[in-house]
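For reference, start-v9.txt (compact mmCIF, C-alpha atoms and all ligand atoms):
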# COMPACT_ATOMS: atom_id res chain seq x y z
CA MET A 1382 -3.06 28.08 13.99
CA GLY A 1383 -0.45 26.67 16.39
CA ALA A 1384 0.33 23.00 16.76
CA PRO A 1385 -1.71 21.14 19.37
CA SER A 1386 0.02 19.97 22.52
CA SER A 1387 1.10 16.34 22.55
CA SER A 1388 -1.77 15.36 24.82
CA GLN A 1389 -4.31 16.68 22.29
CA GLY A 1390 -2.61 14.94 19.39
CA PHE A 1391 -2.92 16.00 15.79
CA SER A 1392 -6.14 15.70 13.90
CA THR A 1393 -5.69 15.26 10.17
CA GLU A 1394 -6.85 18.83 9.72
CA SER A 1395 -4.43 20.33 12.25
CA TYR A 1396 -1.63 18.23 10.81
CA PHE A 1397 -2.00 19.74 7.35
CA GLN A 1398 -2.46 23.21 8.81
CA THR A 1399 0.74 23.10 10.82
CA GLN A 1400 3.19 20.83 8.98
CA ARG A 1401 4.78 22.26 5.87
CA PRO A 1402 4.30 20.58 2.48
CA PRO A 1403 7.45 18.94 1.11
CA THR A 1404 9.53 20.46 -1.67
CA GLY A 1405 8.39 19.23 -5.04
CA LEU A 1406 4.83 18.51 -3.93
CA LYS A 1407 3.29 20.52 -6.76
CA GLU A 1408 5.37 18.92 -9.48
CA LYS A 1409 4.62 15.40 -8.22
CA SER A 1410 0.93 16.18 -7.66
CA ASP A 1411 0.68 17.57 -11.21
CA ARG A 1412 2.26 14.43 -12.64
CA MET A 1413 -0.15 12.21 -10.73
CA HIS A 1414 -3.08 14.39 -11.74
CA GLY A 1415 -2.07 14.23 -15.41
CA PHE A 1416 -1.77 10.45 -15.21
CA VAL A 1417 -5.23 10.10 -13.67
CA GLU A 1418 -6.79 12.41 -16.26
CA LYS A 1419 -5.15 10.51 -19.11
CA TRP A 1420 -6.55 7.17 -17.97
CA LYS A 1421 -9.88 8.57 -16.89
CA ALA A 1422 -10.51 9.36 -20.54
CA VAL A 1423 -10.11 5.69 -21.45
CA LYS A 1424 -13.47 4.04 -20.99
CA GLY A 1425 -13.50 1.29 -18.40
CA LYS A 1426 -9.81 1.68 -17.49
CA LYS A 1427 -9.19 1.05 -13.81
CA VAL A 1428 -6.53 2.91 -11.90
CA VAL A 1429 -4.88 1.75 -8.70
CA LEU A 1430 -2.73 3.64 -6.25
CA VAL A 1431 -0.17 1.30 -4.70
CA THR A 1432 1.70 2.71 -1.71
CA SER A 1433 4.89 0.92 -0.87
CA GLY A 1434 7.82 0.84 1.53
CA GLY A 1435 8.46 2.49 4.86
CA THR A 1436 8.33 6.15 5.82
CA THR A 1437 11.14 7.87 7.71
CA VAL A 1438 10.89 10.27 10.64
CA PRO A 1439 13.82 12.70 10.60
CA LEU A 1440 15.26 13.69 13.97
CA GLU A 1441 17.09 16.73 12.59
CA SER A 1442 16.07 19.14 9.83
CA ASN A 1443 19.61 18.92 8.43
CA THR A 1444 19.03 15.23 8.58
CA VAL A 1445 21.77 12.92 9.72
CA ARG A 1446 19.56 10.57 11.72
CA PHE A 1447 16.04 9.32 11.22
CA LEU A 1448 13.74 6.56 12.42
CA ASP A 1449 12.81 3.96 9.85
CA ASN A 1450 11.16 0.58 9.62
CA PHE A 1451 11.84 -2.80 8.09
CA SER A 1452 9.74 -2.58 4.92
CA ALA A 1453 11.69 -3.14 1.71
CA GLY A 1454 8.66 -2.48 -0.50
CA THR A 1455 8.39 -6.07 -1.71
CA ARG A 1456 4.63 -6.24 -1.26
CA GLY A 1457 4.01 -3.00 -3.12
CA ALA A 1458 6.47 -3.55 -5.99
CA THR A 1459 5.29 -7.11 -6.58
CA SER A 1460 1.63 -6.15 -6.41
CA ALA A 1461 2.15 -3.29 -8.87
CA GLU A 1462 3.41 -5.79 -11.46
CA TYR A 1463 0.36 -8.00 -11.08
CA PHE A 1464 -2.00 -5.02 -11.28
CA LEU A 1465 -0.30 -4.00 -14.53
CA SER A 1466 -0.64 -7.52 -15.90
CA GLN A 1467 -4.36 -7.33 -15.16
CA GLY A 1468 -4.76 -4.14 -17.20
CA TYR A 1469 -4.71 -1.54 -14.43
CA ALA A 1470 -2.97 1.80 -14.73
CA VAL A 1471 -0.77 2.00 -11.65
CA ILE A 1472 0.44 4.93 -9.58
CA PHE A 1473 3.30 3.50 -7.57
CA LEU A 1474 3.86 5.81 -4.60
CA HIS A 1475 6.97 4.42 -3.03
CA ARG A 1476 9.78 5.05 -0.61
CA LEU A 1477 12.93 6.37 -2.23
CA HIS A 1478 15.34 3.49 -3.00
CA SER A 1479 12.84 0.79 -2.04
CA LEU A 1480 12.07 -2.06 -4.41
CA ARG A 1481 10.36 -1.18 -7.69
CA PRO A 1482 8.26 -3.16 -10.13
CA PHE A 1483 10.36 -5.25 -12.54
CA SER A 1484 13.78 -4.16 -11.29
CA ARG A 1485 12.96 -5.83 -7.95
CA HIS A 1486 13.82 -9.20 -9.53
CA TYR A 1487 17.40 -8.05 -9.82
CA SER A 1488 18.04 -6.27 -6.56
CA HIS A 1489 21.70 -5.71 -5.75
CA SER A 1490 21.62 -8.02 -2.75
CA LEU A 1491 19.52 -10.93 -4.05
CA ASN A 1492 20.28 -11.09 -7.71
CA PRO A 1493 22.95 -8.59 -8.77
CA PHE A 1494 22.48 -7.70 -12.42
CA LEU A 1495 26.19 -7.97 -13.20
CA ASP A 1496 25.86 -11.71 -12.53
CA LEU A 1497 23.44 -11.97 -15.46
CA LEU A 1498 25.89 -10.71 -18.00
CA SER A 1499 28.64 -12.30 -20.03
CA ILE A 1500 31.30 -10.72 -22.18
CA VAL A 1501 31.57 -11.79 -25.78
CA PRO A 1502 35.24 -11.20 -26.45
CA SER A 1503 36.64 -9.83 -29.63
CA GLU A 1504 40.13 -9.03 -30.72
CA SER A 1505 40.21 -5.64 -29.13
CA ASP A 1506 38.60 -4.94 -25.74
CA SER A 1507 36.74 -1.93 -27.11
CA SER A 1508 34.73 -3.96 -29.58
CA SER A 1509 33.81 -6.72 -27.13
CA SER A 1510 30.10 -6.90 -26.45
CA ILE A 1511 27.94 -7.83 -23.50
CA VAL A 1512 25.05 -10.28 -23.58
CA VAL A 1513 22.70 -11.79 -21.03
CA SER A 1514 24.00 -15.23 -20.19
CA PRO A 1515 21.83 -17.91 -21.82
CA GLU A 1516 20.87 -19.46 -18.47
CA HIS A 1517 19.30 -16.14 -17.38
CA THR A 1518 17.60 -15.21 -20.65
CA LYS A 1519 14.52 -17.35 -20.08
CA SER A 1520 13.65 -15.72 -16.76
CA LEU A 1521 14.63 -12.20 -17.80
CA LEU A 1522 12.68 -12.16 -21.05
CA PRO A 1523 9.10 -11.98 -19.66
CA ILE A 1524 10.19 -9.38 -17.11
CA LEU A 1525 11.76 -7.22 -19.78
CA GLN A 1526 8.72 -7.62 -22.03
CA ALA A 1527 6.32 -6.61 -19.27
CA TYR A 1528 8.58 -3.68 -18.36
CA HIS A 1529 8.70 -2.45 -21.96
CA GLU A 1530 4.95 -2.84 -22.23
CA ALA A 1531 4.43 -0.69 -19.12
CA GLN A 1532 6.89 1.89 -20.47
CA SER A 1533 5.42 2.12 -23.93
CA SER A 1534 1.79 2.25 -22.79
CA GLY A 1535 2.60 4.72 -20.02
CA SER A 1536 0.53 2.68 -17.58
CA LEU A 1537 2.98 2.91 -14.68
CA LEU A 1538 3.80 6.14 -12.88
CA SER A 1539 6.35 5.97 -10.07
CA VAL A 1540 6.51 8.75 -7.50
CA GLU A 1541 8.88 8.80 -4.54
CA PHE A 1542 8.49 9.77 -0.92
CA GLN A 1543 10.91 9.56 1.95
CA THR A 1544 9.51 10.99 5.16
CA VAL A 1545 6.13 10.38 6.71
CA ASN A 1546 5.36 14.04 5.99
CA ASP A 1547 6.08 13.56 2.27
CA TYR A 1548 3.87 10.49 2.28
CA LEU A 1549 0.88 12.17 3.93
CA TRP A 1550 0.92 15.21 1.64
CA LEU A 1551 1.34 13.10 -1.49
CA LEU A 1552 -1.40 10.70 -0.41
CA LYS A 1553 -3.78 13.60 0.10
CA ALA A 1554 -2.90 15.10 -3.27
CA VAL A 1555 -3.22 11.91 -5.29
CA THR A 1556 -6.47 11.04 -3.58
CA ALA A 1557 -7.92 14.41 -4.58
CA SER A 1558 -7.10 13.58 -8.21
CA MET A 1559 -8.29 9.99 -8.04
CA ALA A 1560 -11.62 10.90 -6.45
CA SER A 1561 -12.84 11.95 -9.90
CA LEU A 1562 -12.45 8.35 -11.09
CA GLY A 1563 -15.32 7.35 -8.82
CA ARG A 1564 -15.47 3.59 -8.38
CA ARG A 1565 -12.83 2.92 -11.04
CA GLY A 1566 -10.16 3.98 -8.55
CA MET A 1567 -8.60 1.51 -6.13
CA PHE A 1568 -6.35 2.35 -3.18
CA TYR A 1569 -3.96 -0.39 -2.14
CA LEU A 1570 -2.24 0.98 0.94
CA ALA A 1571 0.69 -1.35 1.50
CA ALA A 1572 3.18 1.26 2.75
CA ALA A 1573 4.37 0.83 6.32
CA VAL A 1574 3.46 4.23 7.67
CA SER A 1575 5.07 5.45 10.86
CA ASP A 1576 2.65 5.81 13.76
CA PHE A 1577 4.78 8.49 15.44
CA PHE A 1578 6.54 11.58 14.22
CA LEU A 1579 8.27 14.74 15.39
CA PRO A 1580 6.35 17.88 14.50
CA GLU A 1581 8.43 20.61 12.89
CA GLU A 1582 8.81 22.64 16.06
CA LYS A 1583 10.32 19.67 17.91
CA VAL A 1584 12.89 18.80 15.26
CA ALA A 1585 16.46 19.92 16.03
CA GLU A 1586 17.92 22.08 13.30
CA HIS A 1587 21.42 20.61 13.44
CA LYS A 1588 22.89 17.23 14.15
CA ILE A 1589 22.01 16.21 17.70
CA GLN A 1590 25.18 16.17 19.76
CA SER A 1591 26.06 13.04 21.68
CA ASN A 1592 27.90 14.70 24.58
CA LYS A 1593 24.85 14.48 26.88
CA GLY A 1594 25.11 10.70 26.87
CA THR A 1595 21.42 9.90 26.45
CA LEU A 1596 18.73 10.98 24.05
CA SER A 1597 15.08 11.38 25.05
CA LEU A 1598 12.43 11.92 22.44
CA GLU A 1599 8.75 12.55 22.82
CA MET A 1600 6.99 11.86 19.59
CA ASP A 1601 3.47 12.76 18.55
CA GLN A 1602 1.01 10.40 17.01
CA VAL A 1603 0.59 10.57 13.25
CA PRO A 1604 -3.09 11.20 12.50
CA LYS A 1605 -4.86 8.20 10.99
CA VAL A 1606 -5.49 9.60 7.55
CA LEU A 1607 -7.34 6.47 6.53
CA LYS A 1608 -10.43 7.93 8.16
CA PRO A 1609 -10.73 11.14 6.09
CA LEU A 1610 -9.46 9.26 3.06
CA VAL A 1611 -12.36 6.84 3.25
CA GLN A 1612 -15.02 9.18 4.47
CA GLU A 1613 -14.21 12.51 2.79
CA TRP A 1614 -11.39 12.48 0.27
CA THR A 1615 -12.65 9.65 -1.94
CA PRO A 1616 -16.15 8.56 -1.03
CA GLU A 1617 -16.33 6.09 -3.93
CA GLY A 1618 -12.86 4.59 -4.21
CA TYR A 1619 -12.34 0.91 -3.43
CA ILE A 1620 -10.01 0.96 -0.45
CA VAL A 1621 -7.76 -1.80 0.73
CA SER A 1622 -5.65 -1.26 3.82
CA PHE A 1623 -3.10 -3.62 5.33
CA LYS A 1624 -2.72 -4.61 8.94
CA LEU A 1625 0.66 -5.80 10.08
CA GLU A 1626 1.04 -7.58 13.41
CA THR A 1627 3.76 -9.65 15.01
CA ASP A 1628 1.34 -11.42 17.38
CA PRO A 1629 -0.85 -13.68 15.20
CA GLN A 1630 -3.62 -13.56 17.82
CA LEU A 1631 -4.12 -9.85 17.18
CA LEU A 1632 -4.35 -10.03 13.42
CA ILE A 1633 -8.06 -10.66 13.00
CA PRO A 1634 -9.34 -8.53 15.91
CA LYS A 1635 -7.19 -5.58 14.83
CA SER A 1636 -8.24 -5.95 11.19
CA ARG A 1637 -11.91 -6.02 12.19
CA ALA A 1638 -11.37 -2.98 14.39
CA ALA A 1639 -9.86 -1.10 11.43
CA LEU A 1640 -12.86 -1.97 9.25
CA SER A 1641 -15.23 -0.88 11.91
CA ARG A 1642 -13.34 2.35 12.62
CA TYR A 1643 -12.77 3.50 9.05
CA GLY A 1644 -15.67 1.92 7.17
CA HIS A 1645 -13.72 0.90 4.09
CA GLN A 1646 -14.03 -2.29 2.07
CA LEU A 1647 -11.17 -4.60 2.94
CA VAL A 1648 -8.33 -5.13 5.35
CA ILE A 1649 -5.57 -7.53 4.39
CA GLY A 1650 -3.95 -8.85 7.53
CA ASN A 1651 -0.39 -10.12 7.50
CA GLU A 1652 1.89 -11.40 10.22
CA LEU A 1653 5.48 -10.21 9.96
CA HIS A 1654 7.21 -13.56 9.51
CA ARG A 1655 4.53 -15.28 7.41
CA ARG A 1656 3.67 -12.32 5.19
CA LYS A 1657 5.17 -13.83 2.05
CA TYR A 1658 3.23 -17.08 2.46
CA GLU A 1659 -0.14 -16.18 3.90
CA VAL A 1660 -2.48 -13.24 4.30
CA VAL A 1661 -6.04 -12.95 5.53
CA PHE A 1662 -8.80 -10.93 3.84
CA VAL A 1663 -11.11 -9.44 6.45
CA GLU A 1664 -14.39 -7.97 5.27
CA ARG A 1665 -17.87 -7.25 6.49
CA ASN A 1666 -20.64 -9.48 5.32
CA SER A 1667 -22.73 -7.73 2.73
CA HIS A 1668 -25.86 -8.47 4.77
CA SER A 1669 -24.51 -7.04 8.03
CA SER A 1670 -26.45 -3.81 7.66
CA SER A 1671 -27.09 -3.80 11.41
CA ALA A 1672 -23.46 -2.79 11.81
CA ARG A 1673 -24.15 0.57 10.19
CA PRO A 1674 -22.46 3.28 12.24
CA GLU A 1675 -23.42 6.91 12.47
CA LYS A 1676 -24.21 9.07 9.46
CA GLY A 1677 -21.43 9.90 7.11
CA SER A 1678 -19.33 6.88 7.97
CA GLY A 1679 -17.94 4.68 5.24
CA ASP A 1680 -20.19 1.76 6.12
CA ASP A 1681 -22.64 2.94 3.45
CA ARG A 1682 -19.98 2.01 0.96
CA ILE A 1683 -20.43 -1.76 1.25
CA LYS A 1684 -24.06 -1.81 0.12
CA GLY A 1685 -24.68 -4.27 -2.66
CA THR A 1686 -21.28 -5.90 -2.58
CA GLU A 1687 -20.86 -9.59 -2.18
CA THR A 1688 -17.78 -11.60 -1.60
CA PRO A 1689 -16.74 -15.02 -2.84
CA PRO A 1690 -15.62 -18.13 -0.95
CA ILE A 1691 -15.69 -17.76 2.76
CA VAL A 1692 -13.12 -20.04 4.22
CA GLU A 1693 -13.80 -19.11 7.76
CA PHE A 1694 -16.86 -17.27 8.96
CA ALA A 1695 -16.66 -15.16 12.04
CA GLU A 1696 -19.30 -13.25 13.88
CA SER A 1697 -19.15 -10.95 16.84
CA ASN A 1698 -21.79 -9.02 18.74
CA LYS A 1699 -21.85 -5.42 19.86
CA PHE A 1700 -24.31 -3.78 22.21
CA ASP A 1701 -25.97 -0.48 21.52
CA VAL A 1702 -26.76 2.16 24.17
CA ASN A 1703 -30.00 0.35 25.04
CA GLY A 1704 -28.20 -2.89 25.65
CA LEU A 1705 -29.66 -4.45 22.51
CA VAL A 1706 -27.45 -6.79 20.58
CA GLN A 1707 -26.26 -5.37 17.30
CA LYS A 1708 -24.82 -8.02 15.11
CA GLU A 1709 -21.61 -7.10 13.44
CA GLU A 1710 -20.52 -9.81 11.09
CA TYR A 1711 -17.18 -10.25 9.47
CA LYS A 1712 -15.78 -12.88 7.24
CA GLU A 1713 -12.22 -13.95 6.83
CA MET A 1714 -10.58 -15.64 3.91
CA TRP A 1715 -7.03 -16.91 4.15
CA LEU A 1716 -4.80 -17.06 1.12
CA ARG A 1717 -1.89 -19.42 1.65
CA LEU A 1718 0.82 -20.53 -0.71
CA ASP A 1719 1.18 -23.71 1.36
CA ASP A 1720 -2.38 -24.67 0.43
CA LEU A 1721 -1.59 -24.89 -3.25
CA LYS A 1722 -1.32 -28.52 -4.22
CA ASP A 1723 0.41 -27.69 -7.44
CA GLY A 1724 1.14 -24.01 -7.11
CA ALA A 1725 1.97 -23.40 -10.74
CA ALA A 1726 -1.22 -25.09 -11.95
CA VAL A 1727 -3.51 -23.33 -9.53
CA ALA A 1728 -2.07 -19.89 -9.48
CA GLY A 1729 -0.26 -19.52 -12.77
CA LYS A 1730 3.47 -19.57 -12.89
CA GLY A 1731 5.33 -16.63 -11.42
CA ARG A 1732 8.10 -15.20 -13.53
CA ASP A 1733 10.83 -16.74 -11.42
CA GLY A 1734 9.04 -20.07 -11.54
CA GLU A 1735 7.57 -19.52 -8.09
CA VAL A 1736 4.08 -18.49 -7.18
CA GLU A 1737 4.00 -15.19 -5.34
CA ILE A 1738 1.25 -14.46 -2.88
CA GLU A 1739 0.64 -11.05 -4.48
CA GLU A 1740 -0.59 -12.82 -7.61
CA LEU A 1741 -3.30 -14.52 -5.55
CA ILE A 1742 -4.12 -11.27 -3.74
CA ILE A 1743 -4.55 -9.29 -6.95
CA LYS A 1744 -6.73 -11.98 -8.56
CA GLU A 1745 -9.07 -11.80 -5.58
CA LEU A 1746 -9.09 -8.02 -5.66
CA LEU A 1747 -10.02 -7.90 -9.33
CA ASN A 1748 -13.34 -9.61 -8.61
CA ARG A 1749 -14.09 -7.47 -5.63
CA HIS A 1750 -13.25 -4.24 -7.38
CA GLN A 1751 -15.39 -5.18 -10.39
CA ARG A 1752 -18.34 -5.99 -8.13
CA TRP A 1753 -17.83 -2.64 -6.42
CA ILE A 1754 -18.02 -0.90 -9.80
CA ASP A 1755 -21.00 -2.96 -11.00
CA ALA A 1756 -22.96 -2.35 -7.80
CA LYS A 1757 -23.19 1.32 -8.73
CA GLU A 1758 -24.49 0.75 -12.27
O1 LIG B 1801 7.43 -4.14 2.13
P1 LIG B 1801 7.41 -5.54 2.64
O2 LIG B 1801 8.70 -5.91 3.29
O3 LIG B 1801 6.96 -6.51 1.60
O4 LIG B 1801 6.30 -5.55 3.82
C1 LIG B 1801 4.95 -5.38 3.49
C2 LIG B 1801 4.16 -4.84 4.69
C3 LIG B 1801 4.20 -5.86 5.80
C4 LIG B 1801 4.74 -3.51 5.16
C5 LIG B 1801 2.67 -4.62 4.19
O5 LIG B 1801 2.14 -5.83 3.78
C6 LIG B 1801 1.81 -4.00 5.30
O6 LIG B 1801 1.29 -4.67 6.16
N1 LIG B 1801 1.64 -2.66 5.26
C7 LIG B 1801 0.89 -1.87 6.27
C8 LIG B 1801 1.69 -1.76 7.53
C9 LIG B 1801 1.16 -0.68 8.41
O7 LIG B 1801 1.62 0.42 8.37
O8 LIG B 1801 0.12 -0.97 9.15
P2 LIG B 1801 -0.54 0.08 10.20
O9 LIG B 1801 -1.24 -0.72 11.20
O10 LIG B 1801 0.45 1.06 10.71
O11 LIG B 1801 -1.57 0.87 9.31
C10 LIG B 1801 -2.77 0.28 8.88
C11 LIG B 1801 -3.27 1.00 7.67
O12 LIG B 1801 -3.57 2.35 8.00
C12 LIG B 1801 -2.25 0.98 6.55
O13 LIG B 1801 -2.89 0.56 5.36
C13 LIG B 1801 -1.80 2.41 6.44
O14 LIG B 1801 -1.67 2.80 5.07
C14 LIG B 1801 -2.92 3.21 7.12
N2 LIG B 1801 -2.40 4.32 7.95
C15 LIG B 1801 -1.37 4.12 8.79
C16 LIG B 1801 -0.88 5.16 9.57
C17 LIG B 1801 -1.51 6.42 9.43
N3 LIG B 1801 -1.08 7.47 10.12
N4 LIG B 1801 -2.53 6.61 8.61
C18 LIG B 1801 -2.98 5.58 7.90
O15 LIG B 1801 -3.95 5.74 7.15

Would you encode the structure as structure tokens?
Ligand code: PMT
Amino acid sequence: MGAPSSSQGFSTESYFQTQRPPTGLKEKSDRMHGFVEKWKAVKGKKVVLVTSGGTTVPLESNTVRFLDNFSAGTRGATSAEYFLSQGYAVIFLHRLHSLRPFSRHYSHSLNPFLDLLSIVPSESDSSSSIVVSPEHTKSLLPILQAYHEAQSSGSLLSVEFQTVNDYLWLLKAVTASMASLGRRGMFYLAAAVSDFFLPEEKVAEHKIQSNKGTLSLEMDQVPKVLKPLVQEWTPEGYIVSFKLETDPQLLIPKSRAALSRYGHQLVIGNELHRRKYEVVFVERNSHSSSARPEKGSGDDRIKGTETPPIVEFAESNKFDVNGLVQKEEYKEMWLRLDDLKDGAAVAGKGRDGEVEIEELIIKELLNRHQRWIDAKE
């Protein structure tokens, strides 16, 4: 089957039929599959897929240049740590060289690890030893302990992607494995996925030459894989997507639109500049059964779930083909670090002495995921 023209766009199906799988897909898929099977055998163990960091879009197949985005993977790496601390097994699907759980505390730009170390001199240089400076030991210790715990229990699996094509193939593969977990599987899709890409046949083989003076590119839209993911690939997984906006006014309407379009459980909205301090949980009300879309959509998935404190309640109306009002009800709950009177007391102390918003997010998700599991039993 040939690629569709740009005006048709790619469906998820035509994407996977026309775009080649990345090198190493089988080996990575097998590792993720093995991890899922191992934890599936442990009664009651929950498994979460955390996607993290930005995807690239190469402009040349011998790649010199590519399009990228701002994401450093902070949200994903931080969240993975809190999921581990809450007993989850974590598949951390992340952008190559983006931040990773535990080591993120000592990134080369923010907190270079060489600054933590001191030399204990001895008579000859060769027998001198290196220690962590006493002033850093207190903060490093719990990180190192949690890291060792994750290593020894094998509860963290890290898998890398680079391009948007890598990401899409790996996401499909890991979802196929995780589907067998039923409701014990959670999908926490924090990666910043490119909306546009260059299909294989439009990618220049060699470095694009600059002698023409300008460069024009026509990119195709990346298919929204959230739809098949929710509705076909994993009908029972608990799915959390993120919505990033730079205009705060769009955050809630766009998050609601995503819920309505894909039929999953939760959208976490975040505004670019406030994303480390506040996020909004956008969900359907459990009693908004009138919002049920056509057969086969993911709206069936919210039956029997309830959600805790509603900080702000929002309601909007839709009209069906007969002009009758169909109520579609959403609720929003803001989580803000600023709201914490005594952050450490309310939220538990973060390892660096600061509360991180991901800790609050994961605590909220625990309850929701458990209710999702219990609703089935
Ligand atoms: O890494 P940090 O610097 O900490 O930044 C974190 C973050 C801001 C990147 C993160 O919190 C976030 O908002 N991630 C999602 C950003 C994004 O890609 O949004 P989107 O509107 O393009 O996509 C919405 C959802 O649809 C996402 O969950 C995405 O996984 C999914 N999607 C996107 C594109 C696509 N083709 N298919 C998809 O399924």

Quick one: which chain A residues come within 6 Å of ligand LIG 1801 (chain B), and what is the nearest atom pair for each with the distance in Å to one decimal, counting only C-alpha atoms and all ligand atoms, rows ordered by chain and ascending number, as JSON lines?
{"residue": "A:Gly1434", "atom": "CA", "partner": "B:LIG1801", "partner_atom": "O1", "distance": 5.0}
{"residue": "A:Ser1452", "atom": "CA", "partner": "B:LIG1801", "partner_atom": "O2", "distance": 3.9}
{"residue": "A:Ala1453", "atom": "CA", "partner": "B:LIG1801", "partner_atom": "O2", "distance": 4.4}
{"residue": "A:Gly1454", "atom": "CA", "partner": "B:LIG1801", "partner_atom": "O1", "distance": 3.3}
{"residue": "A:Thr1455", "atom": "CA", "partner": "B:LIG1801", "partner_atom": "O3", "distance": 3.6}
{"residue": "A:Arg1456", "atom": "CA", "partner": "B:LIG1801", "partner_atom": "O3", "distance": 3.7}
{"residue": "A:Leu1570", "atom": "CA", "partner": "B:LIG1801", "partner_atom": "O13", "distance": 4.5}
{"residue": "A:Ala1571", "atom": "CA", "partner": "B:LIG1801", "partner_atom": "N1", "distance": 4.1}
{"residue": "A:Ala1572", "atom": "CA", "partner": "B:LIG1801", "partner_atom": "N1", "distance": 4.9}
{"residue": "A:Ala1573", "atom": "CA", "partner": "B:LIG1801", "partner_atom": "O7", "distance": 3.5}
{"residue": "A:Val1574", "atom": "CA", "partner": "B:LIG1801", "partner_atom": "O7", "distance": 4.3}
{"residue": "A:Asp1576", "atom": "CA", "partner": "B:LIG1801", "partner_atom": "N3", "distance": 5.5}
{"residue": "A:Val1603", "atom": "CA", "partner": "B:LIG1801", "partner_atom": "N3", "distance": 4.7}
{"residue": "A:Pro1604", "atom": "CA", "partner": "B:LIG1801", "partner_atom": "N3", "distance": 4.9}
{"residue": "A:Lys1605", "atom": "CA", "partner": "B:LIG1801", "partner_atom": "N4", "distance": 3.7}
{"residue": "A:Val1606", "atom": "CA", "partner": "B:LIG1801", "partner_atom": "O15", "distance": 4.2}
{"residue": "A:Leu1607", "atom": "CA", "partner": "B:LIG1801", "partner_atom": "O15", "distance": 3.5}
{"residue": "A:Ser1622", "atom": "CA", "partner": "B:LIG1801", "partner_atom": "O13", "distance": 3.6}
{"residue": "A:Phe1623", "atom": "CA", "partner": "B:LIG1801", "partner_atom": "O13", "distance": 4.2}
{"residue": "A:Lys1624", "atom": "CA", "partner": "B:LIG1801", "partner_atom": "O8", "distance": 4.6}
{"residue": "A:Leu1625", "atom": "CA", "partner": "B:LIG1801", "partner_atom": "O6", "distance": 4.1}
{"residue": "A:Asn1651", "atom": "CA", "partner": "B:LIG1801", "partner_atom": "O6", "distance": 5.9}

Using all atoms listed in the file, what residues lie at most 7 Å away from (4.3, 13.7, 18.8) (file coordinates), given as a CSV table (one decimal) with C-alpha atoms, in the coordinates of the input?
chain,number,residue,atom,x,y,z
A,1387,SER,CA,1.1,16.3,22.6
A,1577,PHE,CA,4.8,8.5,15.4
A,1578,PHE,CA,6.5,11.6,14.2
A,1579,LEU,CA,8.3,14.7,15.4
A,1580,PRO,CA,6.4,17.9,14.5
A,1599,GLU,CA,8.8,12.6,22.8
A,1600,MET,CA,7.0,11.9,19.6
A,1601,ASP,CA,3.5,12.8,18.6
A,1602,GLN,CA,1.0,10.4,17.0

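Comparing the minimum interatomic distances between Arg1401 (chain A) and each of A:Leu1647, A:Leu1718, A:Met1559, A:Asn1546, counting only C-alpha atoms, we find that A:Asn1546 sits nearest.
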
Residue among A:Gln1400, A:Thr1615, A:Thr1437, A:Ser1395 lying closest to Ala1557 (chain A), counting all atoms listed in the file: A:Thr1615

List every residue of region 1426-1467 of chain A that has an atom at most 8 Å from any atom of region 1740-1755 of chain A, giving for each one its closest atom pair and the distance in Å to one decimal, counting only C-alpha atoms, sorted by chain and then by ascending residue number, as a Markdown table.
| residue | atom | partner | partner_atom | distance |
| --- | --- | --- | --- | --- |
| A:Ser1460 | CA | A:Ile1743 | CA | 7.0 |
| A:Tyr1463 | CA | A:Glu1740 | CA | 6.0 |
| A:Phe1464 | CA | A:Ile1743 | CA | 6.6 |

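Note that CA of Leu1498 (chain A) and CA of His1517 (chain A) are 8.6 Å apart.
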
From (-3.9, 8.5, -1.2), in the file's coordinates, out to 10 Å: which residues are reached, counting all atoms listed in the file? Answer as a PyMOL selection string. chain A and resi 1430-1432+1474+1548-1560+1567-1570+1606-1607+1610-1611+1614-1615+1620

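Counting all atoms listed in the file and comparing A:Glu1408, A:Lys1712, A:Asp1547, A:Lys1588, the residue that lies closest to Thr1444 (chain A) is A:Lys1588.
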
Env of region 1626-1636 of chain A: 6 Å cut, atoms = all atoms listed in the file, seq-sep filter 2 positions within chain, self excluded. Answer as a compact mmCIF listing (two decimals) with C-alpha atoms, in the frame of the given file.
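Final output, saved to selection.txt:
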# COMPACT_ATOMS: atom_id res chain seq x y z
CA ALA A 1638 -11.37 -2.98 14.39
CA ALA A 1639 -9.86 -1.10 11.43
CA VAL A 1648 -8.33 -5.13 5.35
CA GLU A 1652 1.89 -11.40 10.22
CA LEU A 1653 5.48 -10.21 9.96

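Note that the spacing between CA of Pro1402 (chain A) and CA of Val1428 (chain A) amounts to 25.2 Å.
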
Using all atoms listed in the file, which residue out of A:Ser1508, A:Ser1533, A:Thr1544, A:Thr1459 lies closest to Leu1480 (chain A)? A:Thr1459

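The closest residue to Asn1443 (chain A), picked from A:Lys1407, A:His1587, A:His1486, A:Lys1424 and counting only C-alpha atoms, is A:His1587.
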
Between CA of Gln1398 (chain A) and CA of Lys1608 (chain A), what is the spacing in Å? 17.2 Å

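Nearest-residue note for Pro1616 (chain A): choosing from A:Gly1650, A:Gly1563, A:Pro1439, A:Gly1594, the minimum distance belongs to A:Gly1563, counting only C-alpha atoms.
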